[in-house]
Amino acid sequence: MVRLRSPLVVSFAVAVTALVGCSSTVSGSGSGSSIASSPSSPASTTAATSAAATSSSPSTHTVTASSSTHAATPMCLSDIRVIPQESQGAAGHIALVLLFNNVSTTTTCEILGYPGVDLVTPSGATVVHLRRTLRGYAGGEPAGVTAPRPVILAPGQSASAMAEASDVPQGGITDCGSFALLITVPNQFASVSGGTAMLPRCDAQIHPVVAGTTGQG
């Protein structure tokens, strides 16, 4: 025997169903947080995987930079021979060109900066260290250059630096004298004799190594 539900019970069930449906609709709308928390679709997952693979792979720029680093020219070290030239004088000023020859038959190298030059007595005592200046009366880097520039030397090639001084007494010095040289190649520590080359000690300067054989950049 089938019992009929009362109208009050049926109405209450319909109202509850409608309320539940309304709550579900409100939960699914809003600022998009439900989209962020929902599982990714297969298409979006594939795109994310592809992007991650692209960002993790090495770039062409990085490989190029590494290659250029390995191809850098080495600094000139043991294969440089120092050859002082004849000194030249005019109006109390003495100029002396120092040649730096790459005696290697296979290695191209880079030379940069100031040579170390000391004036010494016959017994080897140091009289003065030549003052390092970018340019002077006789040579050095040209006007407008603000720092020593690197010079690339192929096997057999030479670069040069100008040493200069005055033989006119100045300050507290009454005799500028004439002294032998001890020369150190830029970025090295061993000094070599300048042979018969001589310079006075007054206002004695050394300029950077420059390209060519005149000591003038």
# chains A, B, ... in the order shown; residues from 1 in each chain; ligands from 1

$ select_by_dssp --residues "region 123-190 of chain A" --states "strand (DSSP E or B)" --output "mmCIF file with C-alpha atoms, in the first residue's frame"
data_model
loop_
_atom_site.group_PDB
_atom_site.id
_atom_site.type_symbol
_atom_site.label_atom_id
_atom_site.label_comp_id
_atom_site.auth_asym_id
_atom_site.auth_seq_id
_atom_site.Cartn_x
_atom_site.Cartn_y
_atom_site.Cartn_z
ATOM 1 C CA THR A 126 119.989 51.223 -6.182
ATOM 2 C CA VAL A 127 120.151 54.971 -6.795
ATOM 3 C CA VAL A 128 116.575 55.572 -7.870
ATOM 4 C CA HIS A 129 113.469 53.772 -9.188
ATOM 5 C CA ARG A 131 108.931 57.100 -11.805
ATOM 6 C CA ARG A 132 106.068 55.591 -13.795
ATOM 7 C CA ARG A 135 103.689 60.000 -21.131
ATOM 8 C CA GLY A 140 104.731 57.163 -23.941
ATOM 9 C CA VAL A 151 100.136 44.995 -26.954
ATOM 10 C CA ILE A 152 99.901 41.624 -28.725
ATOM 11 C CA LEU A 153 103.258 40.194 -29.820
ATOM 12 C CA SER A 158 108.830 43.662 -30.555
ATOM 13 C CA ALA A 159 107.132 46.327 -28.441
ATOM 14 C CA SER A 160 108.872 49.246 -26.735
ATOM 15 C CA ALA A 161 108.894 51.591 -23.760
ATOM 16 C CA MET A 162 110.502 54.995 -23.395
ATOM 17 C CA ALA A 163 112.731 55.849 -20.426
ATOM 18 C CA GLU A 164 113.766 59.474 -20.057
ATOM 19 C CA ALA A 165 115.595 61.746 -17.626
ATOM 20 C CA SER A 166 117.358 65.088 -17.307
ATOM 21 C CA PHE A 179 123.994 55.188 -13.967
ATOM 22 C CA ALA A 180 123.452 51.683 -15.300
ATOM 23 C CA LEU A 181 119.976 50.149 -15.595
ATOM 24 C CA LEU A 182 118.253 47.109 -14.125
ATOM 25 C CA ILE A 183 115.077 46.315 -16.098
ATOM 26 C CA THR A 184 112.084 44.162 -15.209
#

$ residues_around --residues "region 175-177 of chain A" --least-positions-apart "5" --cutoff "9 Å" --atoms "only C-alpha atoms" --output "PDB file with N, CA and C atoms, in the first residue's frame"
ATOM      1  N   SER A 166     116.665  63.833 -17.049  1.00  0.00           N
ATOM      2  CA  SER A 166     117.358  65.088 -17.307  1.00  0.00           C
ATOM      3  C   SER A 166     118.756  65.044 -16.692  1.00  0.00           C
ATOM      4  N   ASP A 167     119.685  65.669 -17.379  1.00  0.00           N
ATOM      5  CA  ASP A 167     121.032  65.758 -16.786  1.00  0.00           C
ATOM      6  C   ASP A 167     121.288  67.146 -16.205  1.00  0.00           C
ATOM      7  N   VAL A 168     120.218  67.921 -16.019  1.00  0.00           N
ATOM      8  CA  VAL A 168     120.311  69.246 -15.420  1.00  0.00           C
ATOM      9  C   VAL A 168     119.970  69.137 -13.933  1.00  0.00           C
ATOM     10  N   PRO A 169     120.897  69.469 -13.037  1.00  0.00           N
ATOM     11  CA  PRO A 169     120.617  69.355 -11.589  1.00  0.00           C
ATOM     12  C   PRO A 169     119.372  70.151 -11.200  1.00  0.00           C
ATOM     13  N   GLN A 170     118.608  69.617 -10.264  1.00  0.00           N
ATOM     14  CA  GLN A 170     117.372  70.240  -9.819  1.00  0.00           C
ATOM     15  C   GLN A 170     117.081  69.841  -8.385  1.00  0.00           C
ATOM     16  N   LEU A 199     121.659  56.281 -17.769  1.00  0.00           N
ATOM     17  CA  LEU A 199     120.731  57.409 -17.637  1.00  0.00           C
ATOM     18  C   LEU A 199     121.105  58.231 -16.406  1.00  0.00           C
ATOM     19  N   PRO A 200     120.882  59.545 -16.454  1.00  0.00           N
ATOM     20  CA  PRO A 200     121.040  60.353 -15.240  1.00  0.00           C
ATOM     21  C   PRO A 200     119.851  60.126 -14.311  1.00  0.00           C
ATOM     22  N   ARG A 201     119.998  60.499 -13.068  1.00  0.00           N
ATOM     23  CA  ARG A 201     118.946  60.232 -12.085  1.00  0.00           C
ATOM     24  C   ARG A 201     117.922  61.356 -11.938  1.00  0.00           C
ATOM     25  N   CYS A 202     118.175  62.541 -12.486  1.00  0.00           N
ATOM     26  CA  CYS A 202     117.245  63.667 -12.308  1.00  0.00           C
ATOM     27  C   CYS A 202     115.987  63.495 -13.162  1.00  0.00           C
TER      28      CYS A 202
END

$ residues_around --residues "Ile111 (chain A)" --least-positions-apart "3" --cutoff "9 Å" --atoms "only C-alpha atoms" --output "PyMOL selection string"
chain A and resi 74-77+100+149-153+159+185-187+209-210

$ atom_distance --atom1 "CA of Cys109 (chain A)" --atom2 "CA of Ala197 (chain A)"
26.7 Å

$ atom_distance --atom1 "CA of Thr133 (chain A)" --atom2 "CA of Leu99 (chain A)"
17.7 Å
